[in-house]
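Chemist: One structure coming up, written as structure tokens, with questions to follow.
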Amino acid sequence: MTPEARLAAAIDLLHGVMDQPRRPADAIAAEFFRARRYIGGGDRREVSDLAWGVLRQRLRLEWWIKQSGVRVTPRLLVLAFLLLVRGMKPGEASKLFTAGRYGAGTLDVGEEEVARALAGKPLVGKEMPDGARLNLPEWALPGLRARFGETLEVEAAALEAPAPLDLRANALKATRDAAMAALGMEAAPTPYSPWGMRLRGRASVAATPAYKDGLVEVQDEGSQLIAALVGAKPGMRVADYCAGAAGKTLAMAATMANQGRITACDVSAPRLEGAGKRLRRAGVHNAETHLLSPGDRWAKRRAGQFDRVLVDAPCTGTGTWRRNPDARSRTNGEDLAELVGKQREILSISAQLVRPGGRLVYATCSLLPEEDEGQVDGFLQAHADFRAVPLSRAWEEAGLPGAPPCNGPHLALSPAAHGTDGFFCAVMERVS
């Protein structure tokens with residue numbers, strides 16, 4: 001493909017993202033490229049880099065475009081990206097907008113005016129409001145300020161950087177050293193998880209024998225630590241109440257040495273179907289899946305039967321924005337309010353499953369206190385039969401090396417401070 005054709009394809013992909021604002025961009029991109037198999041691997045990377053570069057800087061690009069008093073379009077977002085991020089001059093950028101079958105079409109008079117207005121502007125301007133300046137949506141700023149205070153700018157910058165690719169060695173099949181050797185890629189052990197490895201640069205892990213044979217799984221180091229803090233041991237009965245594609249179920253099966261029983265629950269049948277495939281590939285024999293449905297009495301029938309219950313609650317996903325930059329624009333304040341209520345309800349239901357002496361582990365991939373400490377504090381106030389387990393104790397009992405990376409009572413990870421996605425985890429014990 002020519003550079004002009006790649007630009008046109010990136011604009012088409014961005015149209016798909018903006019026309020379906022509630023769908024994840026990676027799912028839209030997968031469909032986009034499946035329908036265009038003529039786009040080769042190298043061109044696909046170029047198109048993706050341009051589209052994802054726009055999505056990563058979308059809040060700033062939109063702010064600059066709006067200063068010209070025009071409506072934001074995918075064409076203008078790409079144009080602004082070329083000028084403000086890649087540093088092109090208006091004439092250079094306009095040459096990429098060509099007519100013809102494989103071009104995006106030439107710039108019209110209004111677009112040319114926007115290009116001239118943006119020429120020489122910095123991506124980050126002093127006149128910008130904090131949201132655009134920090135590349136953070138306004139609705140999330142109060143919670144992020146409460147979380148990070150004076151370090152917010154550092155954390156905001158870390159949330160802009162592309163995320164590394166972390167893997168977990170499947171202890172049911174291999175040690176970390178053996179998995180790294182089998183993988184045959186340049187990687188380094190992660191600093192906190194004894195099973196984690198971080199790849200350097202891009203890699204297609206799914207095509208490797210190590211992945212196909214179940215020796216490794218893709219999983220951020222922070223997610224690995226949450227699974228470890230559950231403290232699932234051989235012979236226990238464990239519930240993964242919001243299991244999704246079962247990433248943490250897989251990790252817990254390994255800490256249980258395939259002994260005992262894990263029930264992976266979720267409201268999505270496709271996610272559970274995908275979980276079943278992953279469990280088989282990893283050689284997990286002690287897990288079953290259960291589809292949660294409206295009116296389901298599964299939790300009531302199994303009240304007090306589980307040693308460990310993990311609630312990886314649905315959340316805003318603010319901690320994954322470096323990995324999913326489109327989510328900054330896909331989520332809003334109304335979503336936050338709705339999710340806080342849903343998290344409270346899920347915690348209350350799942351707590352019934354825990355036996356006396358057992359533990360309830362609450363986790364999110366959010367950086368917002370109202371989804372994290374706020375939920376835990378509210379739950380403990382409403383449930384006198386539960387108490388918080390200090391992070392230091394849960395860390396030691398899980399057999400994790402060294403001291404916890406956080407000083408507080410709960411695990412609270414962030415990209416800038418720990419090099420992981422933003423994760424929160426609280427361990428609570430049922431005392432009666």
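Going through the structure tokens in order, the chains are called A, B, and so on, while each chain numbers its residues from 1 and the ligands are numbered from 1 in the order shown.
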For range 113-176 of chain A versus range 305-319 of chain A, which residues have an atom no more than 10 Å away, and what is each residue's nearest atom pair and distance in Å rounded to one decimal, using only C-alpha atoms, chain-then-number order, as JSON lines?
Modeler:
{"residue": "A:Leu136", "atom": "CA", "partner": "A:Thr318", "partner_atom": "CA", "distance": 9.8}
{"residue": "A:Ala140", "atom": "CA", "partner": "A:Thr318", "partner_atom": "CA", "distance": 8.4}
{"residue": "A:Leu144", "atom": "CA", "partner": "A:Thr318", "partner_atom": "CA", "distance": 9.3}
{"residue": "A:Leu159", "atom": "CA", "partner": "A:Gly319", "partner_atom": "CA", "distance": 7.9}
Chemist: Would you put the residues from that selection into a file with N, CA and C atoms, as an mmCIF file, in the first residue's frame?
Modeler:
data_model
loop_
_atom_site.group_PDB
_atom_site.id
_atom_site.type_symbol
_atom_site.label_atom_id
_atom_site.label_comp_id
_atom_site.auth_asym_id
_atom_site.auth_seq_id
_atom_site.Cartn_x
_atom_site.Cartn_y
_atom_site.Cartn_z
ATOM 1 N N LEU A 136 -6.768 13.471 29.910
ATOM 2 C CA LEU A 136 -7.660 12.718 30.792
ATOM 3 C C LEU A 136 -9.067 13.305 30.682
ATOM 4 N N ALA A 140 -13.267 12.006 34.993
ATOM 5 C CA ALA A 140 -12.391 11.176 35.823
ATOM 6 C C ALA A 140 -11.404 11.989 36.644
ATOM 7 N N LEU A 144 -9.033 10.881 40.014
ATOM 8 C CA LEU A 144 -7.603 10.724 39.774
ATOM 9 C C LEU A 144 -6.794 11.704 40.608
ATOM 10 N N LEU A 159 0.121 6.841 31.639
ATOM 11 C CA LEU A 159 -1.082 6.286 31.021
ATOM 12 C C LEU A 159 -1.125 6.526 29.516
#
Chemist: Would you kindly return, as a VMD selection string, each protein, DNA or RNA residue with an atom no farther than 10 Å from any atom of Pro21 in chain A, considering only C-alpha atoms and excluding same-chain residues fewer than 2 positions away?
Modeler: chain A and resid 16 to 19 23 to 25 326 to 327 329 to 331
Chemist: Just all heavy atoms for this one: save the residues we selected as an mmCIF file, in the first residue's frame.
Modeler:
data_model
loop_
_atom_site.group_PDB
_atom_site.id
_atom_site.type_symbol
_atom_site.label_atom_id
_atom_site.label_comp_id
_atom_site.auth_asym_id
_atom_site.auth_seq_id
_atom_site.Cartn_x
_atom_site.Cartn_y
_atom_site.Cartn_z
ATOM 1 N N GLY A 16 -15.160 3.720 11.824
ATOM 2 C CA GLY A 16 -15.804 2.606 12.502
ATOM 3 C C GLY A 16 -15.805 2.772 14.002
ATOM 4 O O GLY A 16 -16.808 2.478 14.675
ATOM 5 N N VAL A 17 -14.703 3.273 14.548
ATOM 6 C CA VAL A 17 -14.613 3.477 15.996
ATOM 7 C C VAL A 17 -15.564 4.575 16.451
ATOM 8 O O VAL A 17 -16.284 4.433 17.449
ATOM 9 C CB VAL A 17 -13.164 3.815 16.397
ATOM 10 C CG1 VAL A 17 -13.083 4.209 17.874
ATOM 11 C CG2 VAL A 17 -12.242 2.626 16.123
ATOM 12 N N MET A 18 -15.598 5.678 15.726
ATOM 13 C CA MET A 18 -16.430 6.805 16.139
ATOM 14 C C MET A 18 -17.912 6.562 15.879
ATOM 15 O O MET A 18 -18.769 7.124 16.573
ATOM 16 C CB MET A 18 -15.955 8.075 15.432
ATOM 17 C CG MET A 18 -14.554 8.488 15.865
ATOM 18 S SD MET A 18 -13.900 9.936 15.003
ATOM 19 C CE MET A 18 -14.936 11.241 15.691
ATOM 20 N N ASP A 19 -18.228 5.705 14.904
ATOM 21 C CA ASP A 19 -19.629 5.379 14.629
ATOM 22 C C ASP A 19 -20.195 4.367 15.628
ATOM 23 O O ASP A 19 -21.408 4.192 15.719
ATOM 24 C CB ASP A 19 -19.775 4.813 13.212
ATOM 25 C CG ASP A 19 -19.566 5.874 12.142
ATOM 26 O OD1 ASP A 19 -19.595 7.076 12.490
ATOM 27 O OD2 ASP A 19 -19.354 5.514 10.965
ATOM 28 N N ARG A 23 -18.403 0.392 21.579
ATOM 29 C CA ARG A 23 -17.674 -0.858 21.333
ATOM 30 C C ARG A 23 -16.177 -0.645 21.471
ATOM 31 O O ARG A 23 -15.650 0.393 21.045
ATOM 32 C CB ARG A 23 -17.966 -1.394 19.924
ATOM 33 C CG ARG A 23 -19.337 -1.989 19.726
ATOM 34 C CD ARG A 23 -19.366 -2.752 18.414
ATOM 35 N NE ARG A 23 -18.513 -3.944 18.444
ATOM 36 C CZ ARG A 23 -18.040 -4.548 17.351
ATOM 37 N NH1 ARG A 23 -18.307 -4.068 16.148
ATOM 38 N NH2 ARG A 23 -17.280 -5.613 17.468
ATOM 39 N N PRO A 24 -15.450 -1.608 22.028
ATOM 40 C CA PRO A 24 -13.994 -1.482 22.114
ATOM 41 C C PRO A 24 -13.361 -1.373 20.732
ATOM 42 O O PRO A 24 -13.741 -2.081 19.797
ATOM 43 C CB PRO A 24 -13.569 -2.778 22.818
ATOM 44 C CG PRO A 24 -14.790 -3.245 23.545
ATOM 45 C CD PRO A 24 -15.954 -2.820 22.697
ATOM 46 N N ALA A 25 -12.373 -0.510 20.612
ATOM 47 C CA ALA A 25 -11.735 -0.278 19.321
ATOM 48 C C ALA A 25 -11.010 -1.517 18.807
ATOM 49 O O ALA A 25 -10.951 -1.732 17.596
ATOM 50 C CB ALA A 25 -10.761 0.896 19.438
ATOM 51 N N ASP A 326 -8.842 4.083 23.587
ATOM 52 C CA ASP A 326 -10.177 4.494 23.162
ATOM 53 C C ASP A 326 -11.162 4.568 24.317
ATOM 54 O O ASP A 326 -12.181 5.258 24.233
ATOM 55 C CB ASP A 326 -10.714 3.524 22.102
ATOM 56 C CG ASP A 326 -10.790 2.099 22.615
ATOM 57 O OD1 ASP A 326 -9.717 1.533 22.954
ATOM 58 O OD2 ASP A 326 -11.895 1.528 22.682
ATOM 59 N N ALA A 327 -10.863 3.858 25.421
ATOM 60 C CA ALA A 327 -11.781 3.830 26.567
ATOM 61 C C ALA A 327 -11.898 5.192 27.236
ATOM 62 O O ALA A 327 -12.874 5.451 27.940
ATOM 63 C CB ALA A 327 -11.329 2.781 27.579
ATOM 64 N N SER A 329 -12.598 7.868 25.798
ATOM 65 C CA SER A 329 -13.755 8.513 25.175
ATOM 66 C C SER A 329 -14.990 7.622 25.195
ATOM 67 O O SER A 329 -16.097 8.094 24.922
ATOM 68 C CB SER A 329 -13.421 8.892 23.715
ATOM 69 O OG SER A 329 -12.298 9.742 23.660
ATOM 70 N N ARG A 330 -14.795 6.335 25.489
ATOM 71 C CA ARG A 330 -15.912 5.390 25.456
ATOM 72 C C ARG A 330 -16.701 5.384 26.770
ATOM 73 O O ARG A 330 -17.844 4.950 26.814
ATOM 74 C CB ARG A 330 -15.367 3.981 25.154
ATOM 75 C CG ARG A 330 -16.406 3.004 24.675
ATOM 76 C CD ARG A 330 -15.809 1.695 24.232
ATOM 77 N NE ARG A 330 -15.225 0.923 25.314
ATOM 78 C CZ ARG A 330 -13.969 0.529 25.379
ATOM 79 N NH1 ARG A 330 -13.121 0.869 24.424
ATOM 80 N NH2 ARG A 330 -13.519 -0.179 26.390
ATOM 81 N N THR A 331 -16.077 5.830 27.840
ATOM 82 C CA THR A 331 -16.681 5.787 29.165
ATOM 83 C C THR A 331 -16.966 7.207 29.634
ATOM 84 O O THR A 331 -16.249 8.140 29.275
ATOM 85 C CB THR A 331 -15.726 5.091 30.154
ATOM 86 O OG1 THR A 331 -15.213 3.905 29.561
ATOM 87 C CG2 THR A 331 -16.435 4.719 31.448
#
Chemist: I'd like the contact shell of Gly53 in chain A - 12 Å cut-off, only C-alpha atoms, skipping same-chain residues fewer than 3 positions apart - returned as a ChimeraX atom specification.
Modeler: /A:10-11,14,45-50,56-61,77-82,84-86,160-162,322-326
Chemist: Please, could you write that set of residues out with C-alpha atoms as a short mmCIF file (atom, residue, chain, number, x, y, z; two decimals), in the first residue's frame?
Modeler:
data_model
loop_
_atom_site.label_atom_id
_atom_site.label_comp_id
_atom_site.auth_asym_id
_atom_site.auth_seq_id
_atom_site.Cartn_x
_atom_site.Cartn_y
_atom_site.Cartn_z
CA ALA A 10 -6.72 4.56 9.01
CA ILE A 11 -9.47 7.14 8.46
CA LEU A 14 -11.48 5.60 12.83
CA ARG A 45 0.86 -2.26 11.45
CA GLU A 46 1.20 1.12 9.76
CA VAL A 47 -2.57 1.61 9.60
CA SER A 48 -2.98 0.52 13.23
CA ASP A 49 -0.14 2.76 14.41
CA LEU A 50 -1.76 5.79 12.82
CA ARG A 56 -4.13 7.86 22.21
CA GLN A 57 -4.13 11.65 21.70
CA ARG A 58 -7.79 12.08 20.81
CA LEU A 59 -8.75 14.40 23.69
CA ARG A 60 -5.99 16.85 22.82
CA LEU A 61 -6.55 16.63 19.08
CA LEU A 77 -8.24 13.99 13.69
CA VAL A 78 -5.72 12.35 11.36
CA LEU A 79 -4.75 15.72 9.90
CA ALA A 80 -4.24 17.18 13.38
CA PHE A 81 -2.20 14.12 14.39
CA LEU A 82 0.13 14.56 11.41
CA LEU A 84 0.76 18.20 16.05
CA VAL A 85 2.28 14.78 16.78
CA ARG A 86 4.34 13.89 13.72
CA GLU A 160 -0.22 7.68 27.58
CA ALA A 161 2.70 5.34 26.94
CA PRO A 162 2.09 2.05 25.11
CA ARG A 322 -2.49 2.93 28.17
CA ARG A 323 -3.58 -0.43 26.73
CA ASN A 324 -7.07 0.68 25.64
CA PRO A 325 -6.75 4.40 24.79
CA ASP A 326 -10.18 4.49 23.16
#
Chemist: Would you work out the distance separating CA of His418 in chain A from CA of Lys342 in chain A, expressed in Å to one decimal?
Modeler: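 If I compute the distance from CA of His418 in chain A to CA of Lys342 in chain A, I get 28.4 Å.
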Chemist: Please report, as a list in words, each residue of range 153-199 of chain A to which DSSP assigns helix (DSSP H, G or I) when run on this structure's backbone.
Modeler: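 Selecting the helix (DSSP H, G or I) positions of range 153-199 of chain A gives Glu153, Val154, Glu155, Ala156, Ala157, Ala158, Leu159, Glu160, Arg176, Asp177, Ala178, Ala179, Met180, Ala181, Ala182 and Leu183 of chain A.
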Chemist: Write the residues you've just listed into a file as a PDB file, in the first residue's frame, and include N, CA, C and O atoms for each of them.
Modeler:
ATOM      1  N   GLU A 153       0.387  14.355  37.216  1.00  0.00           N
ATOM      2  CA  GLU A 153       0.958  14.588  35.885  1.00  0.00           C
ATOM      3  C   GLU A 153       1.878  13.444  35.478  1.00  0.00           C
ATOM      4  O   GLU A 153       1.888  13.037  34.312  1.00  0.00           O
ATOM      5  N   VAL A 154       2.632  12.902  36.420  1.00  0.00           N
ATOM      6  CA  VAL A 154       3.518  11.778  36.128  1.00  0.00           C
ATOM      7  C   VAL A 154       2.706  10.554  35.756  1.00  0.00           C
ATOM      8  O   VAL A 154       3.016   9.830  34.799  1.00  0.00           O
ATOM      9  N   GLU A 155       1.641  10.293  36.509  1.00  0.00           N
ATOM     10  CA  GLU A 155       0.788   9.141  36.225  1.00  0.00           C
ATOM     11  C   GLU A 155       0.050   9.321  34.908  1.00  0.00           C
ATOM     12  O   GLU A 155      -0.131   8.357  34.149  1.00  0.00           O
ATOM     13  N   ALA A 156      -0.390  10.541  34.625  1.00  0.00           N
ATOM     14  CA  ALA A 156      -1.081  10.803  33.356  1.00  0.00           C
ATOM     15  C   ALA A 156      -0.152  10.524  32.185  1.00  0.00           C
ATOM     16  O   ALA A 156      -0.566   9.942  31.168  1.00  0.00           O
ATOM     17  N   ALA A 157       1.112  10.911  32.310  1.00  0.00           N
ATOM     18  CA  ALA A 157       2.077  10.648  31.239  1.00  0.00           C
ATOM     19  C   ALA A 157       2.290   9.151  31.058  1.00  0.00           C
ATOM     20  O   ALA A 157       2.400   8.655  29.933  1.00  0.00           O
ATOM     21  N   ALA A 158       2.332   8.410  32.164  1.00  0.00           N
ATOM     22  CA  ALA A 158       2.515   6.959  32.073  1.00  0.00           C
ATOM     23  C   ALA A 158       1.314   6.292  31.419  1.00  0.00           C
ATOM     24  O   ALA A 158       1.454   5.281  30.720  1.00  0.00           O
ATOM     25  N   LEU A 159       0.121   6.841  31.639  1.00  0.00           N
ATOM     26  CA  LEU A 159      -1.082   6.286  31.021  1.00  0.00           C
ATOM     27  C   LEU A 159      -1.125   6.526  29.516  1.00  0.00           C
ATOM     28  O   LEU A 159      -1.923   5.918  28.816  1.00  0.00           O
ATOM     29  N   GLU A 160      -0.288   7.428  29.018  1.00  0.00           N
ATOM     30  CA  GLU A 160      -0.218   7.680  27.577  1.00  0.00           C
ATOM     31  C   GLU A 160       0.709   6.714  26.860  1.00  0.00           C
ATOM     32  O   GLU A 160       0.564   6.465  25.665  1.00  0.00           O
ATOM     33  N   ARG A 176       9.169 -20.670  35.209  1.00  0.00           N
ATOM     34  CA  ARG A 176       9.323 -19.450  34.423  1.00  0.00           C
ATOM     35  C   ARG A 176      10.542 -19.533  33.509  1.00  0.00           C
ATOM     36  O   ARG A 176      10.462 -19.154  32.333  1.00  0.00           O
ATOM     37  N   ASP A 177      11.665 -20.031  34.027  1.00  0.00           N
ATOM     38  CA  ASP A 177      12.871 -20.134  33.196  1.00  0.00           C
ATOM     39  C   ASP A 177      12.636 -21.048  31.997  1.00  0.00           C
ATOM     40  O   ASP A 177      13.049 -20.741  30.870  1.00  0.00           O
ATOM     41  N   ALA A 178      11.955 -22.174  32.241  1.00  0.00           N
ATOM     42  CA  ALA A 178      11.695 -23.111  31.143  1.00  0.00           C
ATOM     43  C   ALA A 178      10.738 -22.502  30.121  1.00  0.00           C
ATOM     44  O   ALA A 178      10.905 -22.683  28.908  1.00  0.00           O
ATOM     45  N   ALA A 179       9.746 -21.760  30.600  1.00  0.00           N
ATOM     46  CA  ALA A 179       8.791 -21.125  29.691  1.00  0.00           C
ATOM     47  C   ALA A 179       9.481 -20.056  28.850  1.00  0.00           C
ATOM     48  O   ALA A 179       9.223 -19.928  27.643  1.00  0.00           O
ATOM     49  N   MET A 180      10.367 -19.281  29.470  1.00  0.00           N
ATOM     50  CA  MET A 180      11.086 -18.251  28.726  1.00  0.00           C
ATOM     51  C   MET A 180      11.978 -18.876  27.660  1.00  0.00           C
ATOM     52  O   MET A 180      12.074 -18.369  26.538  1.00  0.00           O
ATOM     53  N   ALA A 181      12.618 -19.973  28.021  1.00  0.00           N
ATOM     54  CA  ALA A 181      13.482 -20.652  27.046  1.00  0.00           C
ATOM     55  C   ALA A 181      12.661 -21.196  25.880  1.00  0.00           C
ATOM     56  O   ALA A 181      13.059 -21.099  24.718  1.00  0.00           O
ATOM     57  N   ALA A 182      11.505 -21.774  26.196  1.00  0.00           N
ATOM     58  CA  ALA A 182      10.648 -22.335  25.149  1.00  0.00           C
ATOM     59  C   ALA A 182      10.071 -21.243  24.265  1.00  0.00           C
ATOM     60  O   ALA A 182       9.858 -21.447  23.072  1.00  0.00           O
ATOM     61  N   LEU A 183       9.820 -20.082  24.848  1.00  0.00           N
ATOM     62  CA  LEU A 183       9.231 -18.977  24.089  1.00  0.00           C
ATOM     63  C   LEU A 183      10.192 -18.471  23.018  1.00  0.00           C
ATOM     64  O   LEU A 183       9.774 -18.112  21.913  1.00  0.00           O
TER      65      LEU A 183
END
Chemist: From a DSSP pass on the backbone, collect the residues of range 97-332 of chain A flagged as strand (DSSP E) and hand them back as number ranges by chain.
Modeler: A: 165-169, 187-189, 196-199, 216-218, 237-240, 261-266, 287-291, 306-312
Chemist: I want to know what sits within 8 Å of Gly357 in chain A, based on only C-alpha atoms, with residues of the same chain fewer than 5 positions away left out; could you give that as a VMD selection string?
Modeler: chain A and resid 307 429 to 432
Chemist: So how many Å separate CA of Met428 in chain A and CA of Arg359 in chain A, to one decimal?
Modeler: 5.5 Å
